[in-house]
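These notes are about the structure you will find just below.
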Amino acid sequence: MASVTTISSHLTSAFISTPEFCRLSQSLNCSQTQRRSTRKSIPGKISASVDLKPPPYELNALEPHMSKETLEYHWGKHHRGYVNNLNKQIEGTELDEMSLESIISASYNKGDILPAFNNAAQVWNHEFFWESMKPGGGGKPSGELLELINRDFGSFEGLIHEFKLAATTQFGSGWAWLAYKEHKLDIPNARNPRPSEQDKKLVVVKSPNAINPLVWEYHPLLTLDVWEHAYYLDFENRRTDYISTFLNKLVSWETVSSRLEAAKVLVAEREREMEEIDAIDDMDTMEPEDADMYFGSDADDFPEDEE
Amino acid sequence: MALRTFATRKTLGLASTFHQQLRGLQTFTLPDLPYDYGALEPAISGDIMKLHHQKHHQTYITNYNKALEQLDDAIAKGDASTAVKLQSAIKFNGGGHVNHSIFWKNLTPTKEGGGEPPHGSLGWAIDQSYGSLEKLIAKMNAEGAAVQGSGWVWLAVDKELKRLVVETTANQDPLVTKGPSLVPLIGIDVWEHAYYLQYKNVRPDYLKNIWKVINWKYASEIYEKECP
């Protein structure tokens with residue numbers, strides 16, 4: 001089993017390599033980290049392809065709540081299929097050299113979705129899903145995560161209720177998410193010009209098929225796969241039981257907490273960058289203090305009107 | 001898994017409530033299958049047929065009826081917001097009921113003619129439009145396999161243009177959402193619940209095998225009605 005990088009460093013390096021972040025940082029000369037930190041390289045051969053990352057536990061480790069058989073198909077066939085198909089799709093193209101998050105962003109193409117998106121997003125989603133669970137999971141969150149949950153959902157039970165609702169009502173295939181949202185404005189592509197602490201909050205969202213909250217510029221913290229293949233072998237049509245089992249027995253709140261920490265660090269960094277960019281802009285557009293600079297030292301040289 | 005025999009036809013009507021009938025609201029009940037759950041084996045397992053019919057289709061009907069009641073209520077009260085909000089539930093669940101009702105008729109056991117190629121005008125039209133039945137099947141299988149997430153693949157006749165069409169729909173969208181003059185002849189459910197217990201992730205194998213139980217007689221009847 002390959003060693004797994006810590007969640008926060010994975011998220012950090014991944015986010016820093018997105019085009020959005022780098023465009024923001026251009027004025028500060030940030031060097032782009034294009035490759036995923038977990039990419040393996042064979043000596044003498046540059047491998048640009050995306051890896052099939054294994055779950056951070058054995059395939060039978062989530063029994064009896066999620067069977068080994070499910071993991072064998074879900075990770076071994078579905079997730080592996082997305083990885084293989086993505087690699088075939090991007091080979092020899094400009095996407096081949098990019099990080100997974102960059103491929104997602106590029107192929108999402110502001111909603112005018114390109115072919116590689118489905119596979120790329122599903123690779124990301126499934127990695128994120130395995131890491132959202134652990135043997136002996138469940139229980140309750142604590143610390144800052146719990147504080148924010150109480151603030152934004154009223155109570156832990158409030159969060160659970162909303163999450164269950166999203167997961168149940170995602171019709172067809174898709175995902176339910178807990179995410180950290182930083183913008184007040186709900187309009188896509190609109191950036192809040194004056195972000196404040198109140199604007200940043202936890203939200204529960206659901207998404208169809210391969211879509212994930214990265215495309216809305218949210219910071220995903222937790223996900224549950226509600227495609228039928230995720231639960232059909234263990235629960236048949238009983239999605240509600242699957243959702244309860246996930247929340248009671250599988251979810252890793254520690255992972256969610258560290259993802260939240262990482263997200264807050266990124267958000268703070270990005271705000272600092274924006275402030276510096278704004279400061280530079282302000283300097284360029286500032287009015288000269290002395291308007292006479294434009295009109296000469298003697299205003300009488302330019303009489304207002306001829307009588 | 002032990003082979004189970006299903007001796008009797010499954011009848012699971014859900015009686016409409018007396019209350020609803022008083023109001024004149026037409027609600028829906030689960031239609032019986034014209035064959036036993038196990039009769040489509042080995043193409044589709046009896047376990048799948050039973051779950052698909054008794055759980056999935058029944059749930060669509062239950063939720064459709066509920067949405068219709070709420071819509072009826074909202075309309076009576078002039079509550080436009082609620083009436084609009086209910087549209088997605090009606091599309092999902094009503095569509096699910098419409099599509100699955102067609103689907104059960106699209107299937108028939110091999111010994112009752114399942115898989116037997118269409119003769120008559122439909123067979124001729126298929127050859128004209130696609131070259132051969134094999135080519136049509138290959139096209140439908142390719143499009144069915146390519147549906148991302150959940151949906152259906154259809155053979156339809158455009159009743160205005162009198163032309164055969166292969167189409168796909170997402171989730172439970174009925175075929176008419178792709179064109180008001182499209183009449184479904186054959187619909188194949190490619191939601192994972194339609195095949196997962198038997199074929200797991202290999203949707204192409206399901207698509208390859210389902211043709212052995214497709215009821216071309218039914219498809220021909222519909223076609224001949226639209227294109228006499």
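We label chains A, B, ... in the order they appear in the structure tokens, count residues from 1 in each chain, and number ligands from 1 in the order shown.
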
Please report, as a Markdown table, each residue of range 137-167 of chain B lying at most 12 Å from range 170-184 of chain A, together with the nearest pair of atoms and the separation in Å rounded to one decimal; use only C-alpha atoms, and order rows by chain and ascending residue number.
```
| residue | atom | partner | partner_atom | distance |
| --- | --- | --- | --- | --- |
| B:Val147 | CA | A:Ser173 | CA | 11.4 |
| B:Gln148 | CA | A:Ser173 | CA | 8.9 |
| B:Gly149 | CA | A:Ser173 | CA | 5.3 |
| B:Ser150 | CA | A:Gly172 | CA | 5.6 |
| B:Gly151 | CA | A:Gly172 | CA | 8.1 |
| B:Trp152 | CA | A:Gly172 | CA | 11.7 |
```

Could you give me, as JSON lines, a per-residue list for chain A showing, wherever an atom lies at most 9 Å from an atom of chain B, the closest pair of atoms and their distance in Å to one decimal, using only C-alpha atoms and sorting by chain then residue number from low to high?
```
{"residue": "A:Tyr73", "atom": "CA", "partner": "B:Asn201", "partner_atom": "CA", "distance": 7.4}
{"residue": "A:His74", "atom": "CA", "partner": "B:Asn201", "partner_atom": "CA", "distance": 8.5}
{"residue": "A:Lys77", "atom": "CA", "partner": "B:Asn201", "partner_atom": "CA", "distance": 7.0}
{"residue": "A:His78", "atom": "CA", "partner": "B:Asn201", "partner_atom": "CA", "distance": 6.8}
{"residue": "A:Asn118", "atom": "CA", "partner": "B:Gln148", "partner_atom": "CA", "distance": 8.1}
{"residue": "A:Phe171", "atom": "CA", "partner": "B:Asn171", "partner_atom": "CA", "distance": 7.5}
{"residue": "A:Gly172", "atom": "CA", "partner": "B:Asn171", "partner_atom": "CA", "distance": 5.5}
{"residue": "A:Ser173", "atom": "CA", "partner": "B:Gly149", "partner_atom": "CA", "distance": 5.3}
{"residue": "A:Gly174", "atom": "CA", "partner": "B:Gly149", "partner_atom": "CA", "distance": 7.8}
{"residue": "A:Pro208", "atom": "CA", "partner": "B:Gly149", "partner_atom": "CA", "distance": 8.2}
{"residue": "A:Asn209", "atom": "CA", "partner": "B:Gly149", "partner_atom": "CA", "distance": 5.4}
{"residue": "A:Ala210", "atom": "CA", "partner": "B:Gly149", "partner_atom": "CA", "distance": 8.2}
{"residue": "A:Trp227", "atom": "CA", "partner": "B:Gly149", "partner_atom": "CA", "distance": 7.6}
{"residue": "A:Glu228", "atom": "CA", "partner": "B:Glu192", "partner_atom": "CA", "distance": 5.9}
{"residue": "A:His229", "atom": "CA", "partner": "B:Glu192", "partner_atom": "CA", "distance": 6.4}
{"residue": "A:Tyr232", "atom": "CA", "partner": "B:Tyr196", "partner_atom": "CA", "distance": 7.2}
{"residue": "A:Leu233", "atom": "CA", "partner": "B:Leu197", "partner_atom": "CA", "distance": 6.5}
{"residue": "A:Glu236", "atom": "CA", "partner": "B:His193", "partner_atom": "CA", "distance": 8.0}
{"residue": "A:Asn237", "atom": "CA", "partner": "B:His56", "partner_atom": "CA", "distance": 7.1}
```

Just list as a count of residues only whatever in range 133-239 of chain A DSSP marks as helix (DSSP H, G or I).
40

Leu202 in chain A: which residues within 12 Å, counting only C-alpha atoms, same-chain residues fewer than 2 positions away excluded, as JSON, numbers by chain?
{"A": [144, 145, 146, 147, 148, 149, 150, 151, 152, 153, 154, 159, 162, 163, 177, 178, 179, 180, 181, 182, 183, 184, 197, 198, 199, 200, 204, 205, 218, 219, 220, 221, 222, 256, 257, 260, 263, 264]}

Residue selection dump (N, CA and C atoms) as a short mmCIF file (atom, residue, chain, number, x, y, z; two decimals), in the first residue's frame:
```
data_model
loop_
_atom_site.label_atom_id
_atom_site.label_comp_id
_atom_site.auth_asym_id
_atom_site.auth_seq_id
_atom_site.Cartn_x
_atom_site.Cartn_y
_atom_site.Cartn_z
N GLU A 144 -12.87 23.47 16.58
CA GLU A 144 -13.35 24.57 15.75
C GLU A 144 -14.41 24.10 14.77
N LEU A 145 -14.26 22.89 14.26
CA LEU A 145 -15.25 22.36 13.32
C LEU A 145 -16.63 22.33 13.98
N LEU A 146 -16.68 21.83 15.21
CA LEU A 146 -17.96 21.76 15.91
C LEU A 146 -18.52 23.16 16.17
N GLU A 147 -17.61 24.09 16.49
CA GLU A 147 -18.07 25.47 16.72
C GLU A 147 -18.75 26.02 15.47
N LEU A 148 -18.09 25.84 14.33
CA LEU A 148 -18.67 26.36 13.09
C LEU A 148 -19.97 25.64 12.74
N ILE A 149 -20.01 24.32 13.01
CA ILE A 149 -21.24 23.57 12.75
C ILE A 149 -22.38 24.14 13.58
N ASN A 150 -22.10 24.39 14.85
CA ASN A 150 -23.14 24.94 15.72
C ASN A 150 -23.57 26.32 15.26
N ARG A 151 -22.58 27.10 14.79
CA ARG A 151 -22.90 28.45 14.32
C ARG A 151 -23.75 28.40 13.06
N ASP A 152 -23.36 27.56 12.10
CA ASP A 152 -23.99 27.60 10.78
C ASP A 152 -25.18 26.66 10.61
N PHE A 153 -25.30 25.65 11.49
CA PHE A 153 -26.43 24.73 11.36
C PHE A 153 -27.29 24.68 12.62
N GLY A 154 -26.93 25.48 13.61
CA GLY A 154 -27.68 25.47 14.86
C GLY A 154 -27.16 24.43 15.83
N LEU A 159 -26.88 19.83 11.28
CA LEU A 159 -26.03 19.46 10.15
C LEU A 159 -26.42 18.09 9.61
N GLU A 162 -29.55 18.17 7.55
CA GLU A 162 -29.37 18.76 6.22
C GLU A 162 -28.57 17.85 5.30
N PHE A 163 -27.55 17.23 5.86
CA PHE A 163 -26.71 16.35 5.04
C PHE A 163 -27.52 15.16 4.56
N TRP A 177 -22.25 16.89 -0.05
CA TRP A 177 -21.02 17.51 0.43
C TRP A 177 -21.26 18.38 1.65
N LEU A 178 -20.23 18.41 2.52
CA LEU A 178 -20.09 19.52 3.45
C LEU A 178 -18.92 20.33 2.92
N ALA A 179 -19.11 21.63 2.79
CA ALA A 179 -18.06 22.46 2.21
C ALA A 179 -17.93 23.75 2.99
N TYR A 180 -16.78 24.39 2.82
CA TYR A 180 -16.50 25.68 3.43
C TYR A 180 -16.60 26.71 2.32
N LYS A 181 -17.50 27.65 2.51
CA LYS A 181 -17.79 28.59 1.45
C LYS A 181 -17.33 29.96 1.89
N GLU A 182 -16.56 30.66 1.06
CA GLU A 182 -16.02 31.94 1.51
C GLU A 182 -16.72 33.16 0.91
N HIS A 183 -17.43 32.99 -0.19
CA HIS A 183 -18.01 34.18 -0.81
C HIS A 183 -19.43 34.41 -0.33
N LYS A 184 -19.80 35.65 -0.09
CA LYS A 184 -21.17 35.95 0.27
C LYS A 184 -22.07 35.88 -0.95
N GLU A 197 -15.55 37.96 7.99
CA GLU A 197 -15.64 36.67 8.65
C GLU A 197 -17.05 36.08 8.54
N GLN A 198 -18.08 36.96 8.54
CA GLN A 198 -19.46 36.48 8.49
C GLN A 198 -19.77 35.77 7.17
N ASP A 199 -19.05 36.15 6.11
CA ASP A 199 -19.35 35.56 4.81
C ASP A 199 -18.87 34.13 4.71
N LYS A 200 -17.90 33.79 5.55
CA LYS A 200 -17.35 32.45 5.41
C LYS A 200 -18.20 31.50 6.25
N VAL A 204 -23.99 22.74 3.28
CA VAL A 204 -24.23 21.41 2.73
C VAL A 204 -24.75 21.61 1.32
N VAL A 205 -24.14 20.92 0.37
CA VAL A 205 -24.60 21.03 -1.02
C VAL A 205 -24.66 19.63 -1.62
N TYR A 218 -15.85 26.45 -3.88
CA TYR A 218 -15.99 26.14 -2.46
C TYR A 218 -14.81 25.25 -2.07
N HIS A 219 -14.65 25.06 -0.77
CA HIS A 219 -13.61 24.16 -0.27
C HIS A 219 -14.29 22.92 0.29
N PRO A 220 -14.25 21.81 -0.43
CA PRO A 220 -14.93 20.61 0.06
C PRO A 220 -14.28 20.10 1.34
N LEU A 221 -15.12 19.64 2.28
CA LEU A 221 -14.63 19.12 3.55
C LEU A 221 -15.01 17.65 3.73
N LEU A 222 -16.14 17.25 3.15
CA LEU A 222 -16.64 15.89 3.36
C LEU A 222 -17.53 15.54 2.18
N VAL A 256 -12.14 15.73 8.32
CA VAL A 256 -12.92 16.92 8.00
C VAL A 256 -12.30 18.13 8.70
N SER A 257 -11.92 17.96 9.97
CA SER A 257 -11.29 19.06 10.71
C SER A 257 -10.00 19.53 10.07
N LEU A 260 -10.70 21.49 7.03
CA LEU A 260 -11.19 22.83 7.36
C LEU A 260 -10.02 23.75 7.68
N ALA A 263 -8.27 24.69 4.58
CA ALA A 263 -9.07 25.64 3.79
C ALA A 263 -8.94 27.04 4.36
N LYS A 264 -8.96 27.14 5.68
CA LYS A 264 -8.88 28.47 6.29
C LYS A 264 -7.52 29.11 6.01
#
```

Which value, in Å to one decimal, gives the distance between CA of Ile214 in chain B and CA of Phe103 in chain B?
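Interatomic distance here is 9.6 Å.
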
CA of Thr245 in chain A and CA of Gly138 in chain A are how many Å apart?
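Between CA of Thr245 in chain A and CA of Gly138 in chain A the gap works out to 8.7 Å.
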
For Lys50 in chain B: contacts at 9 Å, only C-alpha atoms, fewer than 3 positions along chain excluded, given as a ChimeraX atom specification:
/B:10,37-38,45-47,53-55

Could you write those residues out with all heavy atoms, as a PDB file, in the first residue's frame?
```pdb
ATOM      1  N   LYS B  10     -46.577 -11.488  -9.559  1.00  0.00           N
ATOM      2  CA  LYS B  10     -46.620 -10.571  -8.426  1.00  0.00           C
ATOM      3  C   LYS B  10     -47.681  -9.506  -8.660  1.00  0.00           C
ATOM      4  O   LYS B  10     -47.655  -8.797  -9.665  1.00  0.00           O
ATOM      5  CB  LYS B  10     -45.258  -9.899  -8.227  1.00  0.00           C
ATOM      6  CG  LYS B  10     -44.154 -10.880  -7.917  1.00  0.00           C
ATOM      7  CD  LYS B  10     -44.472 -11.695  -6.698  1.00  0.00           C
ATOM      8  CE  LYS B  10     -43.619 -12.955  -6.667  1.00  0.00           C
ATOM      9  NZ  LYS B  10     -44.190 -13.993  -5.809  1.00  0.00           N
ATOM     10  N   TYR B  37     -41.020 -12.883 -12.197  1.00  0.00           N
ATOM     11  CA  TYR B  37     -39.754 -12.169 -11.988  1.00  0.00           C
ATOM     12  C   TYR B  37     -38.574 -12.920 -12.586  1.00  0.00           C
ATOM     13  O   TYR B  37     -37.654 -12.338 -13.123  1.00  0.00           O
ATOM     14  CB  TYR B  37     -39.507 -11.923 -10.501  1.00  0.00           C
ATOM     15  CG  TYR B  37     -40.396 -10.851  -9.916  1.00  0.00           C
ATOM     16  CD1 TYR B  37     -41.076 -11.051  -8.721  1.00  0.00           C
ATOM     17  CD2 TYR B  37     -40.569  -9.624 -10.563  1.00  0.00           C
ATOM     18  CE1 TYR B  37     -41.893 -10.072  -8.178  1.00  0.00           C
ATOM     19  CE2 TYR B  37     -41.387  -8.640 -10.034  1.00  0.00           C
ATOM     20  CZ  TYR B  37     -42.054  -8.866  -8.841  1.00  0.00           C
ATOM     21  OH  TYR B  37     -42.861  -7.903  -8.303  1.00  0.00           O
ATOM     22  N   GLY B  38     -38.615 -14.254 -12.486  1.00  0.00           N
ATOM     23  CA  GLY B  38     -37.460 -15.030 -12.943  1.00  0.00           C
ATOM     24  C   GLY B  38     -37.491 -15.375 -14.418  1.00  0.00           C
ATOM     25  O   GLY B  38     -36.556 -15.988 -14.940  1.00  0.00           O
ATOM     26  N   SER B  45     -31.661 -11.017 -14.005  1.00  0.00           N
ATOM     27  CA  SER B  45     -31.939 -11.930 -12.887  1.00  0.00           C
ATOM     28  C   SER B  45     -33.280 -11.612 -12.219  1.00  0.00           C
ATOM     29  O   SER B  45     -33.764 -10.480 -12.252  1.00  0.00           O
ATOM     30  CB  SER B  45     -30.820 -11.841 -11.847  1.00  0.00           C
ATOM     31  OG  SER B  45     -30.933 -10.634 -11.122  1.00  0.00           O
ATOM     32  N   GLY B  46     -33.858 -12.641 -11.618  1.00  0.00           N
ATOM     33  CA  GLY B  46     -35.120 -12.482 -10.905  1.00  0.00           C
ATOM     34  C   GLY B  46     -34.994 -11.515  -9.736  1.00  0.00           C
ATOM     35  O   GLY B  46     -35.914 -10.754  -9.431  1.00  0.00           O
ATOM     36  N   ASP B  47     -33.828 -11.532  -9.058  1.00  0.00           N
ATOM     37  CA  ASP B  47     -33.600 -10.593  -7.946  1.00  0.00           C
ATOM     38  C   ASP B  47     -33.733  -9.156  -8.413  1.00  0.00           C
ATOM     39  O   ASP B  47     -34.356  -8.321  -7.758  1.00  0.00           O
ATOM     40  CB  ASP B  47     -32.188 -10.789  -7.371  1.00  0.00           C
ATOM     41  CG  ASP B  47     -32.102 -12.032  -6.514  1.00  0.00           C
ATOM     42  OD1 ASP B  47     -33.165 -12.605  -6.181  1.00  0.00           O
ATOM     43  OD2 ASP B  47     -30.973 -12.439  -6.188  1.00  0.00           O
ATOM     44  N   HIS B  53     -39.076  -3.740  -9.783  1.00  0.00           N
ATOM     45  CA  HIS B  53     -40.521  -3.567  -9.841  1.00  0.00           C
ATOM     46  C   HIS B  53     -41.094  -3.166  -8.489  1.00  0.00           C
ATOM     47  O   HIS B  53     -41.756  -2.135  -8.356  1.00  0.00           O
ATOM     48  CB  HIS B  53     -41.158  -4.879 -10.323  1.00  0.00           C
ATOM     49  CG  HIS B  53     -42.637  -4.831 -10.517  1.00  0.00           C
ATOM     50  ND1 HIS B  53     -43.518  -5.598  -9.788  1.00  0.00           N
ATOM     51  CD2 HIS B  53     -43.414  -4.113 -11.364  1.00  0.00           C
ATOM     52  CE1 HIS B  53     -44.771  -5.352 -10.186  1.00  0.00           C
ATOM     53  NE2 HIS B  53     -44.729  -4.458 -11.137  1.00  0.00           N
ATOM     54  N   GLN B  54     -40.825  -3.945  -7.451  1.00  0.00           N
ATOM     55  CA  GLN B  54     -41.484  -3.752  -6.150  1.00  0.00           C
ATOM     56  C   GLN B  54     -40.935  -2.576  -5.354  1.00  0.00           C
ATOM     57  O   GLN B  54     -41.623  -2.036  -4.499  1.00  0.00           O
ATOM     58  CB  GLN B  54     -41.344  -5.007  -5.300  1.00  0.00           C
ATOM     59  CG  GLN B  54     -42.207  -6.156  -5.753  1.00  0.00           C
ATOM     60  CD  GLN B  54     -42.099  -7.340  -4.808  1.00  0.00           C
ATOM     61  OE1 GLN B  54     -41.500  -7.232  -3.741  1.00  0.00           O
ATOM     62  NE2 GLN B  54     -42.660  -8.463  -5.206  1.00  0.00           N
ATOM     63  N   LYS B  55     -39.682  -2.230  -5.570  1.00  0.00           N
ATOM     64  CA  LYS B  55     -39.095  -1.141  -4.796  1.00  0.00           C
ATOM     65  C   LYS B  55     -38.957   0.130  -5.633  1.00  0.00           C
ATOM     66  O   LYS B  55     -39.544   1.154  -5.326  1.00  0.00           O
ATOM     67  CB  LYS B  55     -37.726  -1.551  -4.242  1.00  0.00           C
ATOM     68  CG  LYS B  55     -37.766  -2.791  -3.376  1.00  0.00           C
ATOM     69  CD  LYS B  55     -38.425  -2.537  -2.038  1.00  0.00           C
ATOM     70  CE  LYS B  55     -38.413  -3.807  -1.187  1.00  0.00           C
ATOM     71  NZ  LYS B  55     -39.174  -3.657   0.049  1.00  0.00           N
TER      72      LYS B  55
END
```

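Distance-wise, CA of Leu214 in chain A and CA of Glu273 in chain A end up 19.9 Å apart.
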
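Closest approach to Tyr223 in chain B among B:Asp173, B:Asp205, B:Asp158, B:Asp127: B:Asp158, based on only C-alpha atoms.
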
Shell of 9 Å around Leu52 in chain A, only C-alpha atoms, local chain residues under 4 positions omitted, as a list of chain:residue names:
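Final neighbour list, sorted by chain and number: A:Trp75, A:His79, A:Arg80, A:Tyr82, A:Val83, A:Asn84, A:Val123, A:Glu127.
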
So that I have them on file, write out the residues from the current selection with N, CA, C and O atoms, as a PDB file, in the first residue's frame.
```pdb
ATOM      1  N   TRP A  75     -13.695   0.770  -5.749  1.00  0.00           N
ATOM      2  CA  TRP A  75     -12.341   1.293  -5.969  1.00  0.00           C
ATOM      3  C   TRP A  75     -11.667   0.559  -7.127  1.00  0.00           C
ATOM      4  O   TRP A  75     -11.089   1.171  -8.022  1.00  0.00           O
ATOM      5  N   HIS A  79     -13.424   3.394  -9.772  1.00  0.00           N
ATOM      6  CA  HIS A  79     -12.397   4.419  -9.603  1.00  0.00           C
ATOM      7  C   HIS A  79     -11.233   4.146 -10.546  1.00  0.00           C
ATOM      8  O   HIS A  79     -10.739   5.057 -11.234  1.00  0.00           O
ATOM      9  N   ARG A  80     -10.833   2.887 -10.630  1.00  0.00           N
ATOM     10  CA  ARG A  80      -9.732   2.532 -11.526  1.00  0.00           C
ATOM     11  C   ARG A  80     -10.094   2.872 -12.977  1.00  0.00           C
ATOM     12  O   ARG A  80      -9.266   3.372 -13.737  1.00  0.00           O
ATOM     13  N   TYR A  82     -12.082   5.236 -14.079  1.00  0.00           N
ATOM     14  CA  TYR A  82     -11.963   6.687 -14.298  1.00  0.00           C
ATOM     15  C   TYR A  82     -10.508   7.092 -14.500  1.00  0.00           C
ATOM     16  O   TYR A  82     -10.187   7.907 -15.365  1.00  0.00           O
ATOM     17  N   VAL A  83      -9.615   6.510 -13.677  1.00  0.00           N
ATOM     18  CA  VAL A  83      -8.180   6.833 -13.800  1.00  0.00           C
ATOM     19  C   VAL A  83      -7.657   6.415 -15.173  1.00  0.00           C
ATOM     20  O   VAL A  83      -7.026   7.214 -15.884  1.00  0.00           O
ATOM     21  N   ASN A  84      -7.946   5.170 -15.548  1.00  0.00           N
ATOM     22  CA  ASN A  84      -7.430   4.671 -16.828  1.00  0.00           C
ATOM     23  C   ASN A  84      -7.995   5.458 -18.006  1.00  0.00           C
ATOM     24  O   ASN A  84      -7.267   5.812 -18.931  1.00  0.00           O
ATOM     25  N   VAL A 123     -12.271  10.973 -10.568  1.00  0.00           N
ATOM     26  CA  VAL A 123     -11.048  10.521  -9.895  1.00  0.00           C
ATOM     27  C   VAL A 123     -10.885  11.300  -8.591  1.00  0.00           C
ATOM     28  O   VAL A 123     -10.681  10.732  -7.515  1.00  0.00           O
ATOM     29  N   GLU A 127     -11.182   9.738  -4.628  1.00  0.00           N
ATOM     30  CA  GLU A 127     -10.071   9.876  -3.664  1.00  0.00           C
ATOM     31  C   GLU A 127     -10.569  10.574  -2.411  1.00  0.00           C
ATOM     32  O   GLU A 127     -10.311  10.138  -1.289  1.00  0.00           O
TER      33      GLU A 127
END
```

Which of range 10-226 of chain B counts as strand (DSSP E) under DSSP, as a PyMOL selection string please?
chain B and resi 151-158+163-170+182-189

Residue among B:Ala219, B:Leu30, B:Leu182, B:Val153 lying closest to Thr169 in chain B, counting only C-alpha atoms
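Closest candidate: B:Val153.
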